[in-house]
Structures are given as C-alpha cells and as structure tokens.
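As stored in protein30.cif (mmCIF, C-alpha atoms and all ligand atoms):
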```
data_start
#
loop_
_atom_site.label_atom_id
_atom_site.label_comp_id
_atom_site.auth_asym_id
_atom_site.auth_seq_id
_atom_site.Cartn_x
_atom_site.Cartn_y
_atom_site.Cartn_z
CA MET A 26 -97.61 -25.00 61.38
CA SER A 27 -100.50 -22.66 62.18
CA GLU A 28 -104.16 -23.46 61.56
CA GLU A 29 -104.17 -20.69 59.01
CA THR A 30 -101.54 -22.26 56.79
CA MET A 31 -103.30 -25.59 57.09
CA SER A 32 -106.56 -24.31 55.64
CA GLU A 33 -105.21 -21.86 53.11
CA PRO A 34 -105.00 -23.17 49.55
CA PRO A 35 -101.80 -22.43 47.63
CA ASP A 36 -101.68 -19.67 45.00
CA SER A 37 -103.79 -21.44 42.49
CA HIS A 38 -104.76 -21.16 38.87
CA LEU A 39 -108.24 -21.47 40.32
CA GLY A 40 -111.48 -21.70 38.44
CA SER A 41 -112.54 -24.71 36.45
CA ASP A 42 -109.82 -23.78 34.02
CA VAL A 43 -109.04 -25.25 30.68
CA PHE A 44 -105.56 -26.78 30.79
CA THR A 45 -103.54 -25.81 27.73
CA TYR A 46 -100.15 -26.90 26.44
CA ASN A 47 -98.43 -26.27 23.15
CA GLY A 48 -100.77 -27.83 20.62
CA GLY A 49 -103.62 -28.94 22.82
CA ARG A 50 -106.15 -28.39 25.58
CA VAL A 51 -107.95 -30.42 28.20
CA ASP A 52 -111.31 -29.07 29.37
CA PRO A 53 -112.69 -29.29 32.91
CA GLY A 54 -114.20 -32.72 33.55
CA GLU A 55 -112.03 -34.31 30.87
CA SER A 56 -108.78 -36.23 30.81
CA ALA A 57 -106.31 -36.92 28.03
CA ASN A 58 -103.45 -39.32 27.33
CA ILE A 59 -100.88 -37.38 25.34
CA ARG A 60 -97.67 -38.44 23.63
CA TYR A 61 -95.79 -35.16 23.58
CA GLY A 62 -92.71 -34.67 21.38
CA ILE A 63 -89.71 -33.24 23.26
CA SER A 64 -86.89 -34.08 20.80
CA GLU A 65 -85.97 -36.14 17.74
CA THR A 66 -83.92 -39.32 17.34
CA TYR A 67 -80.96 -39.87 14.98
CA LEU A 68 -83.55 -41.15 12.50
CA GLY A 69 -85.52 -37.95 12.74
CA ASP A 70 -88.39 -39.64 14.53
CA PRO A 71 -90.03 -37.83 17.43
CA VAL A 72 -88.97 -38.58 21.01
CA ARG A 73 -92.30 -38.43 22.79
CA ILE A 74 -93.05 -38.55 26.50
CA PRO A 75 -96.31 -39.98 27.88
CA VAL A 76 -98.42 -37.40 29.72
CA THR A 77 -101.84 -37.88 31.31
CA VAL A 78 -103.77 -34.73 32.16
CA ILE A 79 -106.82 -35.15 34.41
CA ASN A 80 -108.76 -31.93 34.64
CA GLY A 81 -111.34 -32.12 37.45
CA GLU A 82 -114.86 -30.79 37.12
CA HIS A 83 -114.26 -28.62 40.16
CA PRO A 84 -111.76 -25.79 40.57
CA GLY A 85 -108.57 -26.38 42.56
CA PRO A 86 -104.78 -26.50 42.35
CA THR A 87 -102.79 -27.97 39.48
CA VAL A 88 -100.36 -30.66 40.68
CA PHE A 89 -97.68 -32.53 38.74
CA LEU A 90 -96.44 -36.04 39.54
CA SER A 91 -93.28 -36.93 37.65
CA ALA A 92 -90.95 -39.94 37.46
CA ALA A 93 -87.99 -41.42 35.62
CA ALA A 94 -86.04 -38.21 35.13
CA HIS A 95 -83.38 -40.88 35.62
CA GLY A 96 -84.27 -43.58 33.12
CA ASP A 97 -83.60 -46.65 35.29
CA GLU A 98 -85.50 -45.42 38.38
CA LEU A 99 -88.74 -47.31 37.96
CA ASN A 100 -90.70 -47.33 41.25
CA GLY A 101 -92.11 -43.85 40.65
CA ILE A 102 -93.39 -44.81 37.21
CA GLU A 103 -95.83 -47.25 38.81
CA VAL A 104 -96.87 -44.69 41.43
CA VAL A 105 -97.71 -42.13 38.74
CA ARG A 106 -99.44 -44.69 36.50
CA GLU A 107 -101.68 -45.95 39.30
CA VAL A 108 -102.70 -42.44 40.35
CA ALA A 109 -103.46 -41.57 36.73
CA HIS A 110 -105.29 -44.71 35.67
CA ASP A 111 -106.46 -46.72 38.70
CA TRP A 112 -107.78 -43.97 40.97
CA ASP A 113 -111.29 -42.53 40.84
CA HIS A 114 -110.99 -38.83 40.02
CA SER A 115 -114.71 -38.17 39.48
CA ASN A 116 -114.69 -35.72 42.41
CA LEU A 117 -111.31 -34.13 41.63
CA HIS A 118 -110.96 -30.47 42.61
CA GLY A 119 -108.14 -29.24 40.42
CA THR A 120 -105.91 -30.77 37.77
CA LEU A 121 -103.34 -33.57 37.83
CA ILE A 122 -100.45 -33.62 35.37
CA CYS A 123 -98.97 -37.13 35.34
CA LEU A 124 -95.51 -37.57 33.78
CA PRO A 125 -94.56 -41.23 34.38
CA VAL A 126 -91.46 -41.29 32.13
CA MET A 127 -89.66 -37.98 31.51
CA ASN A 128 -86.30 -39.35 30.36
CA VAL A 129 -87.55 -41.51 27.48
CA PRO A 130 -84.11 -42.15 25.86
CA GLY A 131 -82.67 -43.21 29.24
CA PHE A 132 -85.72 -45.36 29.97
CA LEU A 133 -85.40 -47.18 26.63
CA ALA A 134 -81.72 -47.86 27.34
CA GLN A 135 -82.45 -48.59 31.04
CA GLU A 136 -79.84 -46.05 32.02
CA ARG A 137 -79.83 -43.22 34.53
CA TYR A 138 -78.63 -40.53 32.14
CA LEU A 139 -79.70 -39.43 28.70
CA PRO A 140 -77.53 -41.68 26.49
CA ILE A 141 -76.30 -38.59 24.65
CA TYR A 142 -72.94 -37.67 26.17
CA ASP A 143 -74.36 -39.07 29.46
CA ARG A 144 -76.22 -35.90 30.22
CA ASP A 145 -78.30 -35.70 33.38
CA LEU A 146 -81.86 -34.57 32.62
CA ASN A 147 -82.27 -33.82 36.32
CA ARG A 148 -79.49 -31.22 36.20
CA SER A 149 -80.89 -29.58 33.06
CA PHE A 150 -84.06 -27.88 34.34
CA PRO A 151 -85.68 -25.46 33.68
CA GLY A 152 -83.99 -25.98 30.32
CA ARG A 153 -83.38 -23.69 27.36
CA GLU A 154 -84.74 -23.63 23.85
CA ASP A 155 -81.37 -23.00 22.17
CA SER A 156 -78.98 -25.03 24.32
CA THR A 157 -77.87 -28.68 24.67
CA SER A 158 -80.13 -31.60 23.76
CA ALA A 159 -80.82 -32.25 27.46
CA ARG A 160 -81.75 -28.62 28.13
CA ARG A 161 -84.01 -28.51 25.10
CA MET A 162 -85.88 -31.58 26.32
CA ALA A 163 -86.09 -30.14 29.84
CA HIS A 164 -87.41 -26.88 28.37
CA GLN A 165 -90.22 -28.68 26.53
CA ILE A 166 -91.25 -30.58 29.65
CA TYR A 167 -90.90 -27.59 31.94
CA THR A 168 -92.73 -24.92 29.94
CA ASN A 169 -95.65 -27.14 28.94
CA PHE A 170 -96.27 -29.26 32.00
CA ILE A 171 -94.43 -27.87 35.06
CA GLU A 172 -94.85 -24.10 34.78
CA PRO A 173 -98.67 -24.26 34.84
CA CYS A 174 -98.59 -26.13 38.17
CA ASP A 175 -99.06 -24.96 41.75
CA LEU A 176 -96.99 -27.76 43.30
CA GLY A 177 -95.38 -31.06 42.41
CA ILE A 178 -93.78 -34.33 43.45
CA ASP A 179 -90.81 -35.84 41.56
CA PHE A 180 -90.13 -39.56 42.20
CA HIS A 181 -86.65 -41.09 42.27
CA THR A 182 -84.85 -44.18 43.58
CA SER A 183 -81.32 -44.78 44.72
CA THR A 184 -78.61 -45.18 42.11
CA ARG A 185 -78.05 -48.67 40.70
CA GLY A 186 -76.39 -50.95 43.29
CA ARG A 187 -77.77 -49.10 46.30
CA THR A 188 -81.16 -48.75 47.95
CA ASN A 189 -82.97 -46.04 49.93
CA MET A 190 -85.69 -46.25 52.51
CA LEU A 191 -88.60 -44.12 51.36
CA HIS A 192 -87.94 -40.50 52.25
CA VAL A 193 -88.70 -36.97 51.12
CA ARG A 194 -86.11 -34.38 50.09
CA ALA A 195 -87.35 -30.84 50.38
CA ASP A 196 -86.29 -27.26 51.02
CA THR A 197 -88.20 -26.96 54.27
CA SER A 198 -87.02 -23.36 54.77
CA ASP A 199 -89.76 -22.50 52.23
CA GLN A 200 -93.09 -22.60 54.11
CA LYS A 201 -95.08 -23.97 51.21
CA VAL A 202 -92.54 -26.69 50.51
CA GLU A 203 -92.53 -27.59 54.20
CA ARG A 204 -96.32 -27.97 54.15
CA LEU A 205 -96.06 -30.20 51.08
CA SER A 206 -93.24 -32.29 52.55
CA ARG A 207 -95.21 -32.92 55.75
CA ALA A 208 -98.38 -33.69 53.81
CA PHE A 209 -96.61 -36.54 51.98
CA SER A 210 -96.38 -38.23 55.40
CA SER A 211 -93.06 -40.00 55.06
CA ASN A 212 -91.15 -40.85 58.24
CA VAL A 213 -87.96 -39.18 57.09
CA ILE A 214 -87.54 -35.75 55.49
CA ILE A 215 -84.05 -34.65 54.44
CA ALA A 216 -84.01 -30.87 54.34
CA GLY A 217 -81.99 -28.93 51.79
CA GLU A 218 -82.22 -26.91 48.61
CA GLY A 219 -81.13 -29.62 46.21
CA PRO A 220 -78.54 -29.19 43.45
CA SER A 221 -79.06 -26.60 40.74
CA GLY A 222 -80.78 -27.89 37.62
CA THR A 223 -82.91 -30.41 39.50
CA LEU A 224 -86.62 -30.31 38.81
CA ARG A 225 -87.46 -29.79 42.47
CA GLY A 226 -84.83 -27.10 43.00
CA GLU A 227 -85.69 -25.09 39.90
CA ALA A 228 -89.48 -25.44 40.21
CA THR A 229 -89.33 -24.48 43.90
CA SER A 230 -87.24 -21.39 43.23
CA ALA A 231 -89.70 -20.42 40.48
CA GLY A 232 -92.52 -20.47 43.08
CA ILE A 233 -93.83 -24.00 42.43
CA PRO A 234 -93.29 -25.88 45.71
CA THR A 235 -91.82 -29.26 44.76
CA ILE A 236 -90.47 -32.23 46.71
CA THR A 237 -88.43 -35.24 45.66
CA VAL A 238 -89.44 -38.67 46.91
CA GLU A 239 -86.61 -41.23 47.07
CA MET A 240 -87.72 -44.85 47.26
CA GLY A 241 -85.87 -48.14 46.95
CA GLU A 242 -83.52 -49.14 44.18
CA ALA A 243 -83.22 -48.78 40.41
CA HIS A 244 -84.58 -51.42 38.00
CA ARG A 245 -87.33 -52.63 40.35
CA PHE A 246 -91.00 -52.35 41.10
CA GLN A 247 -91.07 -52.62 44.92
CA ARG A 248 -94.71 -53.09 45.84
CA GLN A 249 -94.52 -52.04 49.49
CA LEU A 250 -92.72 -48.83 48.65
CA ILE A 251 -95.14 -48.09 45.82
CA ASP A 252 -98.11 -48.57 48.17
CA ARG A 253 -96.45 -46.36 50.76
CA ALA A 254 -95.87 -43.63 48.14
CA LEU A 255 -99.49 -43.89 46.96
CA THR A 256 -100.56 -43.20 50.55
CA GLY A 257 -98.34 -40.12 50.43
CA VAL A 258 -99.86 -38.86 47.19
CA ALA A 259 -103.41 -39.39 48.55
CA SER A 260 -102.42 -37.45 51.65
CA VAL A 261 -101.04 -34.54 49.58
CA LEU A 262 -104.21 -34.43 47.44
CA ALA A 263 -106.26 -34.30 50.67
CA GLU A 264 -104.08 -31.58 52.24
CA PHE A 265 -104.35 -29.31 49.20
CA GLY A 266 -108.06 -29.89 48.62
CA LEU A 267 -107.94 -31.89 45.36
CA HIS A 268 -109.69 -34.76 47.10
CA PRO A 269 -111.49 -32.68 49.72
CA HIS A 270 -113.29 -35.57 51.42
CA SER A 271 -110.11 -37.59 52.03
CA SER A 272 -107.95 -37.15 55.09
CA VAL A 273 -104.31 -36.31 55.58
CA HIS A 274 -102.19 -39.25 56.74
CA TRP A 275 -99.93 -39.12 59.83
CA PRO A 276 -96.96 -41.47 59.53
CA GLY A 277 -96.66 -42.30 63.26
CA TRP A 278 -93.23 -40.75 63.68
CA ARG A 279 -91.22 -38.26 61.71
CA VAL A 280 -87.65 -37.05 61.65
CA ILE A 281 -86.56 -33.96 59.75
CA ILE A 282 -82.84 -34.15 59.05
CA ASP A 283 -81.21 -30.80 58.48
CA ASP A 284 -77.61 -29.74 58.12
CA ALA A 285 -77.29 -29.44 61.90
CA GLY A 286 -78.01 -33.12 62.49
CA GLU A 287 -75.46 -35.93 62.50
CA LYS A 288 -75.42 -37.76 59.19
CA THR A 289 -72.78 -39.43 57.14
CA TRP A 290 -72.09 -41.66 54.19
CA LEU A 291 -69.84 -44.38 55.59
CA ARG A 292 -67.25 -45.32 52.99
CA ALA A 293 -65.20 -48.47 52.61
CA ASP A 294 -61.57 -48.21 53.70
CA ALA A 295 -60.73 -51.51 52.01
CA GLY A 296 -61.60 -53.03 48.69
CA GLY A 297 -63.46 -56.33 48.80
CA ILE A 298 -66.73 -58.16 49.16
CA VAL A 299 -69.28 -56.73 51.57
CA ASP A 300 -71.39 -58.77 53.96
CA MET A 301 -74.10 -56.26 54.86
CA LYS A 302 -75.78 -57.03 58.17
CA HIS A 303 -78.65 -54.55 57.82
CA SER A 304 -81.32 -53.26 55.45
CA SER A 305 -82.26 -49.67 54.75
CA GLY A 306 -84.74 -48.49 57.37
CA ASN A 307 -82.95 -50.37 60.19
CA LEU A 308 -81.96 -48.72 63.44
CA VAL A 309 -78.31 -49.32 64.44
CA ARG A 310 -76.64 -48.64 67.80
CA GLU A 311 -73.30 -46.91 68.28
CA GLY A 312 -70.57 -49.56 67.98
CA GLU A 313 -72.86 -52.11 66.33
CA THR A 314 -71.47 -53.91 63.27
CA ILE A 315 -73.04 -52.60 60.06
CA CYS A 316 -71.09 -54.81 57.66
CA VAL A 317 -67.81 -56.65 57.17
CA ILE A 318 -65.54 -56.41 54.15
CA THR A 319 -63.56 -59.51 53.18
CA ASN A 320 -61.38 -60.71 50.33
CA PRO A 321 -62.13 -63.88 48.30
CA PHE A 322 -60.14 -66.04 50.79
CA LYS A 323 -61.99 -64.71 53.86
CA GLU A 324 -58.59 -64.42 55.54
CA GLU A 325 -59.03 -63.39 59.17
CA ASP A 326 -56.31 -60.75 59.02
CA ASP A 327 -57.94 -59.00 56.11
CA ILE A 328 -61.48 -58.83 57.47
CA VAL A 329 -62.54 -55.22 58.04
CA THR A 330 -65.47 -54.65 60.39
CA VAL A 331 -67.45 -51.44 59.88
CA GLU A 332 -69.19 -50.21 63.03
CA ALA A 333 -71.79 -47.49 63.52
CA PRO A 334 -70.00 -44.33 64.74
CA PHE A 335 -73.25 -43.18 66.38
CA THR A 336 -76.78 -44.50 66.94
CA GLY A 337 -78.96 -43.78 63.95
CA LEU A 338 -81.17 -44.80 61.08
CA LEU A 339 -79.80 -46.45 57.95
CA VAL A 340 -81.47 -44.36 55.25
CA GLY A 341 -79.54 -45.97 52.39
CA VAL A 342 -77.38 -49.09 52.02
CA LEU A 343 -75.37 -50.68 49.25
CA GLU A 344 -77.02 -53.58 47.42
CA ASN A 345 -74.25 -54.62 45.02
CA PRO A 346 -71.83 -56.16 47.55
CA VAL A 347 -68.49 -55.15 46.02
CA VAL A 348 -66.43 -52.06 46.83
CA TYR A 349 -63.25 -50.22 46.04
CA PRO A 350 -61.80 -48.18 48.91
CA GLY A 351 -63.85 -44.98 49.01
CA ASN A 352 -67.09 -46.49 47.71
CA PRO A 353 -70.18 -45.72 49.82
CA LEU A 354 -71.48 -48.46 52.14
CA CYS A 355 -74.43 -46.80 53.81
CA HIS A 356 -76.07 -43.49 54.64
CA LEU A 357 -76.45 -43.19 58.43
CA VAL A 358 -78.50 -40.46 60.05
CA GLY A 359 -78.39 -39.64 63.77
CA LEU A 360 -81.64 -39.43 65.74
CA SER A 361 -82.64 -37.30 68.73
CA ASP A 362 -83.67 -39.16 71.90
CA THR A 363 -87.32 -38.25 71.32
CA ILE A 364 -87.33 -39.67 67.81
CA LEU A 365 -85.30 -42.67 68.93
CA ASN A 366 -87.89 -43.49 71.62
CA ALA A 367 -90.78 -43.09 69.17
CA LEU A 368 -89.00 -45.27 66.64
CA GLU A 369 -88.30 -47.99 69.21
CA ARG A 370 -91.97 -48.05 70.17
CA GLU A 371 -92.84 -48.45 66.49
CA LEU A 372 -90.33 -51.26 66.10
CA GLU A 373 -91.80 -53.02 69.14
CA ARG A 374 -95.13 -52.99 67.37
CA GLN A 375 -93.21 -54.66 64.54
CA ASP A 376 -94.35 -52.26 61.90
CA PRO A 377 -94.04 -54.35 58.72
CA PHE A 378 -92.98 -51.25 56.78
CA LEU A 379 -89.79 -50.89 58.81
CA GLU A 380 -89.08 -54.57 59.07
CA THR A 381 -89.16 -55.36 55.43
CA LEU A 382 -88.03 -52.18 53.70
CA GLU A 383 -85.45 -53.05 51.10
ZN ZN B 1 -82.92 -40.07 40.41
#
```
Rewrite the structure from the file as structure tokens, please.
Ligand SMILES: [Zn+2]
Amino acid sequence: MSEETMSEPPDSHLGSDVFTYNGGRVDPGESANIRYGISETYLGDPVRIPVTVINGEHPGPTVFLSAAAHGDELNGIEVVREVAHDWDHSNLHGTLICLPVMNVPGFLAQERYLPIYDRDLNRSFPGREDSTSARRMAHQIYTNFIEPCDLGIDFHTSTRGRTNMLHVRADTSDQKVERLSRAFSSNVIIAGEGPSGTLRGEATSAGIPTITVEMGEAHRFQRQLIDRALTGVASVLAEFGLHPHSSVHWPGWRVIIDDAGEKTWLRADAGGIVDMKHSSGNLVREGETICVITNPFKEEDDIVTVEAPFTGLLVGVLENPVVYPGNPLCHLVGLSDTILNALERELERQDPFLETLE
C-alpha cells in the first residue's frame, strides 16, 4: 500500500453534514437512539430495529457498524453497543451509524434466518420495495442507513454448532476494501467477493467498501473476541480519520488467504461422536490428529482418526460434537513458510489470544 493511499480519505460526504433518514435528522454534534420501523408483524405492529446515529462535531466519513443480520449471532451486537454507548465520541470526525440488531424477528426467535419462510436477510440486500418480506426489510435498512455511508463493517459469527477464530472476509481486489480490511488488524483475512445479496457484497459493489468480521459462535457473548473486535474498530476509525489522534493497530502477523492458497473444509466420512483435539486458532502439523470419530460403544474397529492433510491454521471447528457423514469438522487453511515462522514465534510468546480462542 502506498503512502498516498494511506493518507487519502475515502470519497466522503464531507462537511459537518446533517445526517438524514426517512422521517428524521441528526445534526452535527448530536446523537440519537432511533427505533426505526422496517416491517409489520402479523398483529400489524411495527417491526422496529434499534439504530444509534452519532454525528461528530467535525467533518469526516460516515461509517456503519452492523450486527445480527443472522438473528442468533450475538457477539457483534455487543461490539456495536459498546462502540455506540461506552466510547467517548466527543472528538469524532465524521458520523457513526450503529445497527446492533438488523434481523429483529430472527433475534427475537434466536434463529439465524427471518422466521418467515426461513428467509436469509443476508442474501436479500440491497432489497426491493415491492418484493418479498425479507427484501422489503433489507430495502428499508439499506436505503436509510447503508447508502449514506462511506464504508462499513458487518459482524457475524459461525453457524450454530461451530466456531470461528476472529477473521475478516473482504474483496481485497478492491483497493479501498483492502485498506479497510488491513485497518481492522485481524490476523487472518479471507479474500473473496462474498455471495450475492450479502450486505458486504452489495454495499461494496455499490461503492461502499464493506468487510465482514467473523468471530466465535452463535448464542454467546465471548469477551475476548469482543475486545479483539473493539480493537479492530478503533483501528479502522483511526485509519480513516474519525478518531484522528488514535493510532492504527498492527496485529503482529497477518495471513491473507486467497483462492490460490490451500484451504479446505474437512468433512466427516463416518457418522458418530467427535472428540475434537483442537480449538479454532490452533496450528496443526501435516499428519497430526485433528479429531477422532467414534460410535457410542467406542469400538476400536469403528474409530476413525482424522488427520491434517497439510500444515495449517484451524480457522473454524465444530462445537456440537455429533456428525453425519459429510458434515463439516473443521476449516483448515494452509500457511506459507514465512507466515508459519511468524506464527510459531507468536505461539512461543504464548499470546493469550491464540491460546484461548474458542
Ligand atoms: Zn452470519
């Protein structure tokens, strides 16, 4: 990355601008907690999402932080809430749009999808005014609170029963997205466009650089991951000048995984009960046992040992220890020698982040 790109602010709705949405405004130097109606229930009551808009006194970029597009993915909710309500924004240069719970019906039911024909809100962006219920909700969120932004971060966790080490997903072929993904300072970046209809994919292709942050498992607040993500948000706000006196964080080591790199979801070849020997974030050597699959009798003949096909990092592992043949066991990503050496040095220092990531 050149010095020029580092110092250049993104295309910005600069000026100490008033932030407006359908039905309201937030002036520079003010903040507002909004309950914004995006749909209606079977009883005709409004379905309203919580939104906090913090409009700084000083001009700067507009940034959205969003979570719970999948209703049971909770870690990001706490990240967004703490940024919105615990941080001091008295010297904010720009505007923060905080969307802690986008999929309110899914959140209330503690389910991933919208409980209306199991629709996926995060495949429904940018939405449409005259389409399905999911697309109408997405349209309300997108036009009011995403479109006015210069960049954004969407927080997710692994699906129920699995867990992820904290990592960023980003289309790093887009220079602005690459800058954002590096600024978040996670150790692992998985490069790729992302499926169509995702908030990050659609916002990015509309010129609003957006990354997804994956962290931990559904149905949990995982304090260490939340703290790590808050460091990432602070680093992004520093990089893009919203908190101009803060500094950008360097994570110590970084691996960008693209399509060229070795990576695989290892799947079970037998049904049974899984004894997982590792946590997400662990380094495993080629040939090392990752887990064993047994039946209820633990019969020797039926024990299946799953070994690492190459040396790599376990980005995701299963948490619910039962599988049918074909179910995913873990997400293993190969590492170059340079990264491997850097990672080993980190592990020798016993970085508590790597040791205890779950
Ligand atoms: Zn998700």
Which residues are near ligand ZN 1 (chain B) in this structure, taking near to mean any atom at most 7 Å from a ligand atom and counting all atoms listed in the file? Format them as a PyMOL selection string.
chain A and resi 94-95+98+181-184
Nearest to A:Ala263 by atom-to-atom distance, counting all atoms listed in the file, from A:Val342, A:Ala92, A:Val193, A:Leu205
A:Leu205
Could you list, as a list in words, every residue within 9 Å of A:Ala228, counting all atoms listed in the file and ignoring same-chain residues fewer than 2 positions away?
Phe150, Pro151, Tyr167, Ile171, Glu172, Leu176, Gly177, Thr223, Leu224, Arg225, Gly226, Ser230, Ala231, Gly232, Ile233, Pro234 and Thr235 of chain A
Of the candidates A:Val51, A:Met190, A:Leu139, A:Val280, which one gets nearest to A:Thr363 if we count all atoms listed in the file?
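Ranked by minimum distance to A:Thr363, first place goes to A:Val280.
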Might you pull out every residue within 12 Å of A:Leu354, with all atoms listed in the file counted and same-chain residues fewer than 6 positions away left off, and present them as a short mmCIF file (atom, residue, chain, number, x, y, z; two decimals) with C-alpha atoms, in the coordinates of the input?
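File written: out14.cif
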```
data_model
loop_
_atom_site.label_atom_id
_atom_site.label_comp_id
_atom_site.auth_asym_id
_atom_site.auth_seq_id
_atom_site.Cartn_x
_atom_site.Cartn_y
_atom_site.Cartn_z
CA GLY A 186 -76.39 -50.95 43.29
CA ARG A 187 -77.77 -49.10 46.30
CA THR A 188 -81.16 -48.75 47.95
CA ASN A 189 -82.97 -46.04 49.93
CA THR A 289 -72.78 -39.43 57.14
CA TRP A 290 -72.09 -41.66 54.19
CA LEU A 291 -69.84 -44.38 55.59
CA ARG A 292 -67.25 -45.32 52.99
CA ALA A 293 -65.20 -48.47 52.61
CA ASP A 294 -61.57 -48.21 53.70
CA ALA A 295 -60.73 -51.51 52.01
CA GLY A 296 -61.60 -53.03 48.69
CA GLY A 297 -63.46 -56.33 48.80
CA ILE A 298 -66.73 -58.16 49.16
CA VAL A 299 -69.28 -56.73 51.57
CA ASP A 300 -71.39 -58.77 53.96
CA MET A 301 -74.10 -56.26 54.86
CA LYS A 302 -75.78 -57.03 58.17
CA HIS A 303 -78.65 -54.55 57.82
CA SER A 304 -81.32 -53.26 55.45
CA SER A 305 -82.26 -49.67 54.75
CA ILE A 315 -73.04 -52.60 60.06
CA CYS A 316 -71.09 -54.81 57.66
CA VAL A 317 -67.81 -56.65 57.17
CA ILE A 318 -65.54 -56.41 54.15
CA THR A 330 -65.47 -54.65 60.39
CA VAL A 331 -67.45 -51.44 59.88
CA GLU A 332 -69.19 -50.21 63.03
CA ALA A 333 -71.79 -47.49 63.52
CA LEU A 339 -79.80 -46.45 57.95
CA VAL A 340 -81.47 -44.36 55.25
CA GLY A 341 -79.54 -45.97 52.39
CA VAL A 342 -77.38 -49.09 52.02
CA LEU A 343 -75.37 -50.68 49.25
CA GLU A 344 -77.02 -53.58 47.42
CA ASN A 345 -74.25 -54.62 45.02
CA PRO A 346 -71.83 -56.16 47.55
CA VAL A 347 -68.49 -55.15 46.02
CA VAL A 348 -66.43 -52.06 46.83
#
```
For a test of reading the model, state the distance in Å between atom CA of A:Asn212 and atom CA of A:Arg137, rounded to one decimal.
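These two atoms are separated by 26.4 Å.
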Can you pull out every residue within 8 Å of A:His114, counting only C-alpha atoms, but drop anything in the same chain fewer than 2 positions away, and send it as a list of chain:residue names?
A:Ile79, A:Gly81, A:Trp112, A:Asn116, A:Leu117
Atomic distance atom CA of A:Ile215 - atom CA of A:Asp199, expressed in Å with one decimal:
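Distance between the two atoms: 13.6 Å.
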Out of A:Gly49, A:Pro269, A:Gly277, A:Gly131, which residue has the shortest atom-to-atom distance to A:Glu371 when counting all atoms listed in the file?
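With all atoms listed in the file as the atom set, the closest residue is A:Gly277.
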Fewer than 5 positions away in the same chain doesn't count, so skip those; otherwise give me all residues within 12 Å of A:Arg50, counting all atoms listed in the file, as a ChimeraX atom specification.
/A:42-45,55-59,77-80,169-170
Could you turn the residues from that selection into a file that holds C-alpha atoms, as a PDB file, in the coordinates of the input?
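Written out: selection-v7.pdb:
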```pdb
ATOM      1  CA  ASP A  42    -109.820 -23.780  34.020  1.00  0.00           C
ATOM      2  CA  VAL A  43    -109.040 -25.250  30.680  1.00  0.00           C
ATOM      3  CA  PHE A  44    -105.560 -26.780  30.790  1.00  0.00           C
ATOM      4  CA  THR A  45    -103.540 -25.810  27.730  1.00  0.00           C
ATOM      5  CA  GLU A  55    -112.030 -34.310  30.870  1.00  0.00           C
ATOM      6  CA  SER A  56    -108.780 -36.230  30.810  1.00  0.00           C
ATOM      7  CA  ALA A  57    -106.310 -36.920  28.030  1.00  0.00           C
ATOM      8  CA  ASN A  58    -103.450 -39.320  27.330  1.00  0.00           C
ATOM      9  CA  ILE A  59    -100.880 -37.380  25.340  1.00  0.00           C
ATOM     10  CA  THR A  77    -101.840 -37.880  31.310  1.00  0.00           C
ATOM     11  CA  VAL A  78    -103.770 -34.730  32.160  1.00  0.00           C
ATOM     12  CA  ILE A  79    -106.820 -35.150  34.410  1.00  0.00           C
ATOM     13  CA  ASN A  80    -108.760 -31.930  34.640  1.00  0.00           C
ATOM     14  CA  ASN A 169     -95.650 -27.140  28.940  1.00  0.00           C
ATOM     15  CA  PHE A 170     -96.270 -29.260  32.000  1.00  0.00           C
TER      16      PHE A 170
END
```
